[in-house]
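Text of final-v1.txt, listed as compact mmCIF, C-alpha atoms and all ligand atoms:
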# COMPACT_ATOMS: atom_id res chain seq x y z
CA MET A 1 -17.87 0.32 23.38
CA ASP A 2 -20.72 -0.65 21.05
CA LEU A 3 -19.46 -1.85 17.67
CA ARG A 4 -22.88 -2.71 16.24
CA LEU A 5 -24.22 -0.70 13.31
CA SER A 6 -26.97 1.81 14.10
CA GLY A 7 -30.47 1.25 12.63
CA GLU A 8 -29.78 3.94 10.04
CA LEU A 9 -26.54 2.29 8.94
CA LEU A 10 -28.22 -1.11 8.80
CA SER A 11 -30.90 0.14 6.45
CA PHE A 12 -28.24 1.88 4.32
CA ARG A 13 -26.28 -1.39 4.23
CA ASP A 14 -29.40 -3.27 3.09
CA GLU A 15 -30.06 -0.73 0.35
CA VAL A 16 -26.46 -1.05 -0.93
CA ARG A 17 -26.54 -4.84 -0.67
CA THR A 18 -29.77 -5.08 -2.66
CA TRP A 19 -28.57 -2.66 -5.34
CA LEU A 20 -25.28 -4.50 -5.76
CA ARG A 21 -27.04 -7.87 -5.89
CA ASP A 22 -29.24 -6.60 -8.72
CA ASN A 23 -26.54 -4.71 -10.63
CA VAL A 24 -23.06 -6.25 -10.28
CA PRO A 25 -22.17 -7.73 -13.71
CA GLU A 26 -22.23 -11.51 -13.73
CA ARG A 27 -19.03 -11.88 -15.73
CA PRO A 28 -15.82 -9.97 -14.89
CA LEU A 29 -15.27 -6.83 -16.96
CA ALA A 30 -12.41 -6.76 -19.50
CA PRO A 31 -9.04 -5.46 -18.15
CA VAL A 32 -9.20 -1.74 -17.53
CA THR A 33 -6.04 -1.11 -19.58
CA THR A 34 -7.87 -2.11 -22.79
CA GLU A 35 -10.27 0.12 -24.76
CA ARG A 36 -13.10 -2.34 -24.17
CA GLY A 37 -12.32 -2.73 -20.47
CA PHE A 38 -12.15 1.03 -20.01
CA ALA A 39 -15.53 1.49 -21.69
CA GLU A 40 -17.08 -1.27 -19.57
CA HIS A 41 -15.68 0.12 -16.33
CA ARG A 42 -16.83 3.61 -17.20
CA GLU A 43 -20.31 2.33 -17.93
CA TRP A 44 -20.30 0.65 -14.51
CA GLU A 45 -19.12 3.86 -12.79
CA ARG A 46 -21.93 5.80 -14.46
CA ARG A 47 -24.48 3.34 -13.13
CA LEU A 48 -23.04 3.71 -9.64
CA ALA A 49 -23.13 7.51 -9.97
CA ALA A 50 -26.74 7.47 -11.22
CA ALA A 51 -27.71 5.39 -8.18
CA GLY A 52 -25.97 7.92 -5.89
CA LEU A 53 -23.39 5.32 -4.87
CA ALA A 54 -20.22 6.57 -6.56
CA ALA A 55 -18.98 8.36 -3.42
CA VAL A 56 -21.55 8.25 -0.64
CA HIS A 57 -19.36 10.32 1.71
CA TRP A 58 -18.93 13.22 -0.73
CA PRO A 59 -21.14 16.29 -0.26
CA VAL A 60 -24.39 16.28 -2.24
CA GLU A 61 -23.35 19.32 -4.32
CA HIS A 62 -20.34 17.37 -5.63
CA GLY A 63 -22.31 14.26 -6.58
CA GLY A 64 -22.20 12.37 -3.27
CA ARG A 65 -24.82 11.69 -0.61
CA GLY A 66 -23.28 13.69 2.20
CA LEU A 67 -22.92 10.60 4.43
CA ASP A 68 -20.13 10.12 6.97
CA ALA A 69 -16.91 8.07 6.80
CA LEU A 70 -18.55 5.16 8.64
CA SER A 71 -21.22 4.90 5.92
CA ALA A 72 -18.48 4.92 3.27
CA SER A 73 -16.84 2.01 5.06
CA VAL A 74 -20.14 0.10 5.18
CA PHE A 75 -20.51 0.76 1.44
CA TYR A 76 -17.02 -0.58 0.64
CA ASP A 77 -17.50 -3.68 2.79
CA GLU A 78 -20.61 -4.49 0.77
CA TYR A 79 -18.87 -3.58 -2.48
CA VAL A 80 -16.04 -6.03 -1.84
CA ARG A 81 -18.36 -8.78 -0.61
CA ALA A 82 -20.44 -8.45 -3.78
CA GLY A 83 -17.32 -8.89 -5.95
CA ALA A 84 -18.07 -5.61 -7.75
CA PRO A 85 -15.62 -4.31 -10.43
CA ASP A 86 -12.42 -2.43 -9.54
CA ARG A 87 -13.06 1.30 -9.28
CA LEU A 88 -11.95 3.18 -12.38
CA GLY A 89 -11.45 6.74 -11.20
CA ARG A 90 -9.42 5.81 -8.13
CA LEU A 91 -7.10 8.81 -8.17
CA GLY A 92 -9.97 11.25 -8.59
CA LEU A 93 -12.15 9.54 -6.03
CA GLY A 94 -9.49 8.85 -3.41
CA LEU A 95 -6.71 11.40 -3.91
CA VAL A 96 -7.33 14.62 -5.82
CA GLY A 97 -11.10 14.75 -5.13
CA PRO A 98 -10.80 14.99 -1.32
CA THR A 99 -7.82 17.33 -1.78
CA LEU A 100 -9.90 19.76 -3.85
CA MET A 101 -12.65 19.62 -1.24
CA GLU A 102 -10.10 20.73 1.35
CA TRP A 103 -8.00 23.19 -0.66
CA GLY A 104 -9.72 23.89 -3.98
CA THR A 105 -11.39 27.10 -5.13
CA PRO A 106 -15.13 26.94 -6.02
CA ARG A 107 -14.08 26.82 -9.69
CA GLN A 108 -11.68 23.91 -9.07
CA ARG A 109 -14.41 22.05 -7.17
CA GLU A 110 -16.56 22.17 -10.29
CA LEU A 111 -14.24 19.39 -11.52
CA LEU A 112 -15.48 17.00 -8.84
CA PRO A 113 -18.70 15.53 -10.33
CA ALA A 114 -16.88 14.41 -13.52
CA MET A 115 -14.52 12.37 -11.31
CA LEU A 116 -17.50 10.31 -10.17
CA THR A 117 -18.94 9.68 -13.62
CA CYS A 118 -15.38 9.11 -14.92
CA ASP A 119 -15.91 11.67 -17.66
CA ASP A 120 -12.53 12.79 -16.36
CA ILE A 121 -9.76 10.41 -15.37
CA TRP A 122 -6.94 11.77 -13.23
CA CYS A 123 -3.31 10.77 -12.92
CA GLN A 124 -0.62 11.80 -10.47
CA GLY A 125 2.53 13.69 -11.51
CA PHE A 126 4.56 13.69 -8.29
CA SER A 127 7.59 11.34 -8.63
CA GLU A 128 10.60 12.27 -10.74
CA PRO A 129 13.70 10.30 -11.75
CA ASP A 130 15.59 11.89 -8.80
CA ALA A 131 12.71 12.60 -6.46
CA GLY A 132 10.78 9.62 -5.10
CA SER A 133 10.91 9.16 -1.33
CA ASP A 134 12.62 12.52 -1.12
CA LEU A 135 9.77 14.11 -3.04
CA ALA A 136 10.65 17.65 -1.96
CA SER A 137 13.78 17.45 -4.16
CA LEU A 138 11.60 17.64 -7.26
CA ARG A 139 13.00 19.75 -10.07
CA THR A 140 10.17 20.23 -12.58
CA ARG A 141 10.09 24.00 -13.02
CA GLY A 142 7.03 26.21 -13.11
CA GLU A 143 7.79 29.76 -14.27
CA VAL A 144 5.11 32.05 -12.97
CA GLY A 145 3.84 34.71 -15.40
CA THR A 146 1.11 37.34 -15.00
CA ASP A 147 -1.76 34.92 -15.33
CA SER A 148 -0.22 31.56 -16.21
CA ILE A 149 2.53 29.08 -15.34
CA ARG A 150 4.91 27.60 -17.91
CA ILE A 151 6.02 24.11 -16.87
CA ASN A 152 9.13 22.18 -17.95
CA GLY A 153 10.39 18.90 -16.54
CA GLN A 154 9.96 15.15 -16.26
CA LYS A 155 7.82 12.92 -14.08
CA VAL A 156 7.95 9.14 -13.82
CA TRP A 157 5.87 6.11 -12.73
CA THR A 158 2.66 7.82 -13.81
CA SER A 159 -0.06 5.19 -13.31
CA HIS A 160 -3.49 5.31 -15.00
CA PHE A 161 -2.06 7.55 -17.74
CA ARG A 162 -3.63 5.69 -20.65
CA PHE A 163 -7.11 7.21 -20.47
CA ALA A 164 -6.23 10.21 -18.29
CA THR A 165 -7.68 13.63 -19.07
CA TRP A 166 -6.10 15.53 -16.14
CA ILE A 167 -2.86 15.47 -14.15
CA PHE A 168 -2.38 16.78 -10.61
CA ALA A 169 1.29 17.67 -10.45
CA LEU A 170 3.90 19.20 -8.18
CA VAL A 171 6.18 21.83 -9.71
CA ARG A 172 8.87 24.08 -8.28
CA THR A 173 7.72 27.67 -8.69
CA ASP A 174 10.31 29.29 -6.40
CA PRO A 175 13.81 27.81 -6.73
CA GLU A 176 15.17 30.28 -4.14
CA ALA A 177 12.79 29.20 -1.35
CA PRO A 178 13.62 26.34 1.09
CA LYS A 179 12.87 23.09 -0.74
CA HIS A 180 9.50 22.33 0.90
CA ARG A 181 8.23 25.88 0.40
CA GLY A 182 8.91 26.63 -3.26
CA ILE A 183 6.52 23.96 -4.57
CA SER A 184 3.07 24.47 -6.11
CA TYR A 185 0.28 21.96 -6.77
CA VAL A 186 -1.04 22.40 -10.31
CA LEU A 187 -3.93 20.87 -12.29
CA ILE A 188 -2.92 20.22 -15.91
CA PRO A 189 -5.34 19.14 -18.67
CA CYS A 190 -3.70 16.26 -20.57
CA ASP A 191 -4.52 17.81 -23.93
CA THR A 192 -2.37 20.89 -23.21
CA PRO A 193 0.37 21.22 -25.86
CA GLY A 194 3.70 19.91 -24.51
CA VAL A 195 2.23 17.06 -22.40
CA GLU A 196 3.70 13.72 -23.52
CA PHE A 197 3.32 10.28 -21.92
CA ARG A 198 5.86 7.60 -22.85
CA PRO A 199 4.69 4.17 -21.62
CA ILE A 200 7.23 2.13 -19.63
CA ARG A 201 7.33 -1.44 -20.90
CA GLN A 202 7.53 -3.86 -17.93
CA MET A 203 9.15 -7.30 -17.62
CA ASN A 204 5.73 -8.94 -17.96
CA ASP A 205 5.06 -6.94 -21.16
CA ASP A 206 2.40 -4.75 -19.51
CA ALA A 207 2.84 -0.98 -19.58
CA GLU A 208 0.97 0.24 -16.53
CA PHE A 209 3.15 3.32 -15.96
CA ALA A 210 4.53 6.09 -18.09
CA GLU A 211 7.24 8.66 -18.07
CA LEU A 212 5.63 12.06 -18.35
CA PHE A 213 7.44 14.84 -20.21
CA LEU A 214 6.26 18.42 -19.76
CA THR A 215 7.69 20.85 -22.32
CA ASP A 216 6.61 24.50 -22.20
CA VAL A 217 3.24 23.42 -20.84
CA GLU A 218 1.23 26.54 -20.09
CA VAL A 219 -1.69 26.46 -17.65
CA PRO A 220 -3.65 29.35 -16.11
CA LEU A 221 -2.68 30.46 -12.59
CA GLU A 222 -6.20 29.61 -11.48
CA ASN A 223 -5.17 25.92 -11.82
CA VAL A 224 -2.86 26.23 -8.80
CA VAL A 225 -4.42 24.53 -5.77
CA GLY A 226 -3.97 26.06 -2.31
CA GLY A 227 -1.91 29.04 -3.50
CA LEU A 228 1.55 29.46 -5.01
CA GLY A 229 4.34 27.92 -2.91
CA ASN A 230 1.88 26.01 -0.73
CA GLY A 231 2.01 22.77 -2.75
CA TRP A 232 3.80 20.69 -0.13
CA LYS A 233 0.96 21.04 2.37
CA VAL A 234 -1.61 20.30 -0.33
CA ALA A 235 0.40 17.24 -1.45
CA MET A 236 0.53 15.92 2.13
CA SER A 237 -3.24 16.06 2.19
CA THR A 238 -3.36 14.00 -1.05
CA LEU A 239 -0.88 11.42 0.29
CA THR A 240 -2.74 11.03 3.59
CA HIS A 241 -5.92 10.29 1.65
CA GLU A 242 -4.02 7.78 -0.50
CA ARG A 243 -2.61 5.92 2.51
CA SER A 244 -5.93 5.70 4.30
CA SER A 245 -7.96 4.78 1.20
CA ASN A 246 -11.20 3.09 2.18
CA LEU A 247 -10.67 0.63 -0.67
CA ASN A 248 -8.33 -1.20 1.72
CA THR A 249 -11.15 -2.38 3.91
CA ALA A 250 -10.86 -5.43 6.18
CA ALA A 251 -13.55 -7.07 4.00
CA HIS A 252 -11.09 -6.91 1.09
CA PHE A 253 -8.44 -8.80 3.06
CA HIS A 254 -10.96 -11.36 4.30
CA ARG A 255 -11.80 -11.94 0.66
CA VAL A 256 -8.14 -12.25 -0.35
CA LEU A 257 -7.63 -14.76 2.48
CA ARG A 258 -10.73 -16.76 1.59
CA ASP A 259 -9.85 -16.89 -2.11
CA ALA A 260 -6.19 -17.73 -1.41
CA VAL A 261 -7.18 -20.55 0.95
CA ALA A 262 -9.62 -21.90 -1.63
CA LEU A 263 -6.67 -22.43 -3.98
CA ILE A 264 -4.90 -24.73 -1.51
CA PRO A 265 -5.64 -28.41 -2.23
CA GLU A 266 -8.20 -29.73 0.26
CA ALA A 267 -5.94 -32.34 1.85
CA ARG A 268 -3.39 -29.66 2.76
CA ARG A 269 -6.08 -27.18 3.78
CA ASN A 270 -7.26 -29.49 6.55
CA ASP A 271 -3.81 -29.85 8.09
CA SER A 272 -3.90 -28.44 11.64
CA LEU A 273 -0.85 -26.22 11.09
CA VAL A 274 -2.43 -24.73 7.99
CA ARG A 275 -5.66 -24.11 9.87
CA TYR A 276 -3.68 -22.45 12.65
CA GLU A 277 -2.02 -20.06 10.17
CA VAL A 278 -5.33 -19.23 8.53
CA GLY A 279 -6.81 -18.52 11.97
CA ARG A 280 -3.94 -16.16 12.75
CA PHE A 281 -4.45 -14.24 9.52
CA HIS A 282 -8.12 -13.99 10.34
CA GLU A 283 -7.28 -12.51 13.76
CA GLU A 284 -4.87 -10.02 12.19
CA ILE A 285 -7.48 -8.85 9.72
CA GLU A 286 -9.95 -8.38 12.56
CA ALA A 287 -7.35 -6.36 14.51
CA TYR A 288 -6.83 -4.25 11.38
CA ARG A 289 -10.61 -3.79 11.14
CA PHE A 290 -10.72 -2.41 14.68
CA MET A 291 -7.88 -0.06 13.90
CA THR A 292 -9.70 1.27 10.84
CA LEU A 293 -12.88 1.65 12.92
CA ARG A 294 -10.95 3.81 15.37
CA THR A 295 -9.68 6.00 12.53
CA LEU A 296 -13.18 6.18 11.03
CA THR A 297 -14.65 7.28 14.33
CA GLU A 298 -12.09 10.08 14.53
CA VAL A 299 -12.67 11.13 10.91
CA SER A 300 -16.45 11.12 11.52
CA LYS A 301 -15.83 13.59 14.36
CA GLY A 302 -14.02 15.88 11.92
CA GLU A 303 -10.45 14.92 12.88
CA LYS A 304 -7.76 14.21 10.25
CA PRO A 305 -6.17 10.74 10.00
CA GLY A 306 -2.57 12.04 10.45
CA PRO A 307 0.25 9.55 11.19
CA GLN A 308 -2.31 6.79 11.79
CA ALA A 309 -2.64 6.63 8.01
CA SER A 310 1.03 5.54 7.92
CA MET A 311 0.38 2.76 10.45
CA GLY A 312 -2.59 1.52 8.46
CA LYS A 313 -0.62 1.61 5.20
CA VAL A 314 2.24 -0.51 6.56
CA TRP A 315 -0.25 -2.92 8.09
CA TRP A 316 -2.51 -3.54 5.09
CA SER A 317 0.26 -3.72 2.52
CA GLU A 318 2.40 -6.21 4.46
CA LEU A 319 -0.53 -8.28 5.70
CA GLN A 320 -1.72 -8.82 2.14
CA THR A 321 1.76 -9.89 1.01
CA ARG A 322 2.08 -12.37 3.87
CA ILE A 323 -1.32 -13.92 3.08
CA LEU A 324 -0.33 -14.37 -0.55
CA GLU A 325 3.14 -15.69 0.35
CA PHE A 326 1.45 -18.23 2.60
CA ALA A 327 -0.86 -19.35 -0.22
CA LEU A 328 2.08 -19.59 -2.63
CA SER A 329 4.11 -21.68 -0.17
CA MET A 330 1.15 -24.02 0.33
CA LEU A 331 0.79 -24.50 -3.40
CA ALA A 332 4.55 -24.87 -3.94
CA SER A 333 5.24 -25.78 -7.57
CA GLU A 334 1.51 -26.01 -8.32
CA ALA A 335 1.32 -22.22 -7.90
CA GLU A 336 2.66 -21.93 -11.45
CA VAL A 337 -0.31 -23.75 -12.94
CA ARG A 338 -3.22 -23.02 -10.62
CA SER A 339 -4.44 -19.57 -11.56
CA GLY A 340 -7.12 -18.50 -9.17
CA GLY A 341 -9.64 -15.73 -9.72
CA LEU A 342 -8.36 -13.51 -6.93
CA PRO A 343 -9.95 -10.05 -6.87
CA GLY A 344 -8.31 -7.57 -9.22
CA ALA A 345 -5.74 -10.01 -10.61
CA THR A 346 -5.59 -12.70 -13.19
CA ASN A 347 -3.64 -15.09 -11.00
CA LEU A 348 -1.98 -15.58 -7.66
CA PHE A 349 1.48 -14.56 -8.87
CA LYS A 350 0.30 -11.31 -10.40
CA HIS A 351 -1.63 -10.52 -7.25
CA TYR A 352 1.44 -11.28 -5.17
CA TRP A 353 3.71 -8.98 -7.22
CA MET A 354 1.12 -6.20 -7.11
CA SER A 355 1.03 -6.58 -3.35
CA ARG A 356 4.83 -6.12 -3.26
CA ALA A 357 4.38 -2.88 -5.23
CA SER A 358 2.06 -1.63 -2.48
CA HIS A 359 5.09 -1.53 -0.13
CA ILE A 360 6.48 1.17 -2.44
CA TYR A 361 3.60 3.33 -3.71
CA ALA A 362 1.80 5.88 -1.53
CA GLY A 363 5.18 6.47 0.17
CA SER A 364 7.40 3.42 0.76
CA ASN A 365 6.96 1.44 3.97
CA GLU A 366 10.45 2.45 5.12
CA ILE A 367 9.35 6.08 4.90
CA GLN A 368 6.10 5.26 6.74
CA ARG A 369 8.16 3.66 9.50
CA ASN A 370 10.23 6.84 9.75
CA ILE A 371 6.99 8.83 10.10
CA ILE A 372 5.69 6.47 12.79
CA ALA A 373 9.03 6.61 14.64
CA GLU A 374 9.16 10.40 14.61
CA ARG A 375 5.53 11.48 14.88
CA VAL A 376 3.94 8.64 16.84
CA LEU A 377 6.79 7.36 19.00
CA GLY A 378 8.60 10.70 19.30
CA LEU A 379 12.01 9.25 18.34
CA PRO A 380 14.73 11.57 16.98
CA ARG A 381 14.57 12.45 13.26
CA SER A 382 16.66 10.33 10.88
CA ALA A 383 19.80 12.09 9.66
C1 LIG A 401 2.76 0.50 -8.46
C2 LIG A 401 3.30 1.89 -8.35
C3 LIG A 401 2.57 2.96 -8.84
C4 LIG A 401 3.06 4.27 -8.77
N1 LIG A 401 2.32 5.29 -9.31
C5 LIG A 401 2.78 6.56 -9.24
C6 LIG A 401 2.03 7.63 -9.83
O1 LIG A 401 0.96 7.43 -10.41
N2 LIG A 401 2.53 8.88 -9.75
C7 LIG A 401 3.71 9.16 -9.10
O2 LIG A 401 4.07 10.33 -9.01
N3 LIG A 401 4.47 8.16 -8.56
C8 LIG A 401 4.03 6.86 -8.63
N4 LIG A 401 4.79 5.83 -8.10
C9 LIG A 401 6.13 6.14 -7.59
C10 LIG A 401 6.27 6.04 -6.09
O3 LIG A 401 5.66 7.12 -5.45
C11 LIG A 401 7.78 5.97 -5.79
O4 LIG A 401 8.26 4.76 -6.35
C12 LIG A 401 8.08 6.00 -4.31
O5 LIG A 401 7.81 7.26 -3.77
C13 LIG A 401 9.55 5.63 -4.02
O6 LIG A 401 10.42 6.43 -4.77
P1 LIG A 401 11.59 5.78 -5.67
O7 LIG A 401 10.98 4.71 -6.51
O8 LIG A 401 12.28 6.90 -6.35
O9 LIG A 401 12.55 5.06 -4.63
P2 LIG A 401 13.68 5.76 -3.74
O10 LIG A 401 13.13 6.99 -3.11
O11 LIG A 401 14.92 5.89 -4.55
O12 LIG A 401 13.90 4.68 -2.61
C14 LIG A 401 14.64 3.47 -2.83
C15 LIG A 401 14.60 2.67 -1.54
O13 LIG A 401 15.24 3.40 -0.47
C16 LIG A 401 14.35 3.55 0.64
N5 LIG A 401 14.55 4.86 1.27
C17 LIG A 401 14.62 6.05 0.64
N6 LIG A 401 14.77 7.05 1.53
C18 LIG A 401 14.79 6.48 2.77
C19 LIG A 401 14.91 6.98 4.10
N7 LIG A 401 15.03 8.30 4.35
N8 LIG A 401 14.88 6.09 5.13
C20 LIG A 401 14.74 4.76 4.89
N9 LIG A 401 14.63 4.22 3.64
C21 LIG A 401 14.65 5.07 2.60
C22 LIG A 401 12.96 3.44 0.05
O14 LIG A 401 12.02 3.01 1.01
C23 LIG A 401 13.17 2.39 -1.05
O15 LIG A 401 13.12 1.10 -0.51
C24 LIG A 401 4.32 4.52 -8.15
C25 LIG A 401 5.06 3.44 -7.65
C26 LIG A 401 4.57 2.14 -7.75
C27 LIG A 401 5.39 1.02 -7.21

Can you turn what I pasted into structure tokens?
Amino acid sequence: MDLRLSGELLSFRDEVRTWLRDNVPERPLAPVTTERGFAEHREWERRLAAAGLAAVHWPVEHGGRGLDALSASVFYDEYVRAGAPDRLGRLGLGLVGPTLMEWGTPRQRELLPAMLTCDDIWCQGFSEPDAGSDLASLRTRGEVGTDSIRINGQKVWTSHFRFATWIFALVRTDPEAPKHRGISYVLIPCDTPGVEFRPIRQMNDDAEFAELFLTDVEVPLENVVGGLGNGWKVAMSTLTHERSSNLNTAAHFHRVLRDAVALIPEARRNDSLVRYEVGRFHEEIEAYRFMTLRTLTEVSKGEKPGPQASMGKVWWSELQTRILEFALSMLASEAEVRSGGLPGATNLFKHYWMSRASHIYAGSNEIQRNIIAERVLGLPRSA
């Protein structure tokens, strides 16, 4: 097996590296939840898009470069190494965008380029107060008329709602059908009358999620993706893309490890047991890298990630938490006062708690383990 990059990939890597070196802002952008931070991140996304780097693996007609999954992984490795800003349109880029490429009508695919320039920001309306892991129990109703759907119900934990212009949502359009069959996947413009976000105030005073109330929200039938009643299959495509997001590259975890280790006081860092632990994390990240390379090779051959996405999701989310727990234990009480500039977080604690959240979103790790048990190991289904 030859794991070296081809000549073509090497020259692509050099192009990306040079562009990032010349363009990545010297100071970190303001937090994306603020007006200023949003404007700065959008400006950055537009520069990426103008350079043809917003989504190199997307087809040219949708604003990409038509490169393969391996090239996208090379791009993200460079992106992380360069310390470039967090991506703004994550849910468009990583979730609904690829879903529309697979299931969308030509008209729906016209929405794709604006995801890359972040003229449109997307949020996800899947979870409900009584439908999280058991998503197929969702109760938001969609009454189907001659040429439109009228939607009533409530969603919860809607991230990235603040500047969102579109929602991709699951609604029950056939209450008589078996629960996985009566669901439709609908695209809802946020400015439709009856759409209301109510921010959820968190313990730390942030409000990163909202409750989403949909009251007599009417959208045209042409906004249904993949056909009426076919929403479960379309949603599985979205969730698979979310779990195997190429933002979770091994380079990202190497960076988390390096930055976390840098926070440990030097005397402790040189302790042989500490060095041993760091070495083990390094090995684990490399093993994860090989696993992602295997998936990428399959995707490049046109195969779908399938249950492997669940294995990757459990691996990256728990590995990151263990690295951060290790750094916190090394710092002990000093962790409270030493706030490191870890990527995407203001300090070690915030980064740690965000990593705990990753065990829950994109389908909780318990659910991923059920999927691995049933579909990879062939064990009996849970009751
Ligand atoms: C940071 C973050 C961002 C999110 N953003 C969004 C968003 O933008 N849009 C959106 O729609 N949702 C979002 N969610 C919601 C997320 O999808 C749900 O939290 C998740 O699906 C779990 O559902 P729940 O919270 O209702 O927990 P529950 O389903 O009530 O689960 C509670 C616990 O029971 C376990 N459990 C449940 N069923 C089983 C089973 N069969 N076997 C074993 N264990 C089980 C779960 O693993 C979990 O530990 C987000 C969540 C987080 C943490």

Residue contacts of Arg27 (chain A) (12 Å, all atoms listed in the file) excluding same-chain residues fewer than 5 positions away, as a PyMOL selection string
chain A and resi 40+83-85+341

Set out as JSON lines a contact list for region 293-313 of chain A and region 363-382 of chain A with a cut-off of 8 Å, giving each residue of region 293-313 of chain A that qualifies its closest atom pair and distance in Å to one decimal, counting all atoms listed in the file, ordered by chain and rising residue number.
{"residue": "A:Pro307", "atom": "CA", "partner": "A:Ile372", "partner_atom": "CA", "distance": 6.5}
{"residue": "A:Ser310", "atom": "CA", "partner": "A:Gln368", "partner_atom": "CA", "distance": 5.2}
{"residue": "A:Met311", "atom": "CA", "partner": "A:Ile372", "partner_atom": "CA", "distance": 6.9}
{"residue": "A:Lys313", "atom": "CA", "partner": "A:Asn365", "partner_atom": "CA", "distance": 7.7}

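Checking A:Gly142, A:Gly194, A:Gly132, A:Gly231 one by one against ligand LIG 401 (chain A), counting all atoms listed in the file, you find the shortest gap at A:Gly132.
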
If the box runs along x, y and z of the file and leaves 5 Å on each side of region 301-314 of chain A, what are its centre and edge lengths in Å, one decimal, as AutoDock Vina command-line options?
--center_x -6.8 --center_y 7.7 --center_z 9.8 --size_x 28.1 --size_y 26.4 --size_z 19.2

Throw together the list of residues within 8 Å of ligand LIG 401 (chain A), counting all atoms listed in the file, and drop it here as a VMD selection string.
chain A and resid 123 to 135 155 to 161 169 209 354 357 to 367 370 382

Using only C-alpha atoms, which protein or nucleic acid residues come within 9 Å of Leu9 (chain A)? Drop anything in the same chain fewer than 3 positions from it, and give the result as a short mmCIF file (atom, residue, chain, number, x, y, z; two decimals) with C-alpha atoms, in the frame of the given file.
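Listing of selection.cif after writing:
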data_model
loop_
_atom_site.label_atom_id
_atom_site.label_comp_id
_atom_site.auth_asym_id
_atom_site.auth_seq_id
_atom_site.Cartn_x
_atom_site.Cartn_y
_atom_site.Cartn_z
CA LEU A 5 -24.22 -0.70 13.31
CA SER A 6 -26.97 1.81 14.10
CA PHE A 12 -28.24 1.88 4.32
CA ARG A 13 -26.28 -1.39 4.23
CA ASP A 14 -29.40 -3.27 3.09
CA LEU A 70 -18.55 5.16 8.64
CA SER A 71 -21.22 4.90 5.92
CA VAL A 74 -20.14 0.10 5.18
#

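With all atoms listed in the file as the atoms that count, the residue of A:Leu100, A:Leu116, A:Leu88, A:Ser137 with the shortest distance to Ala51 (chain A) is A:Leu116.
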
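Taking CA of Trp44 (chain A) as the reference point, CA of Asp86 (chain A) is found at 9.8 Å.
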
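Summary of the local environment: counting all atoms listed in the file, residues at most 9 Å from His41 (chain A), other than itself and those fewer than 3 positions away along its chain, are Leu29, Ala30, Pro31, Val32, Arg36, Gly37, Phe38, Trp44, Glu45, Arg46, Pro85, Asp86, Arg87 and Leu88 of chain A.
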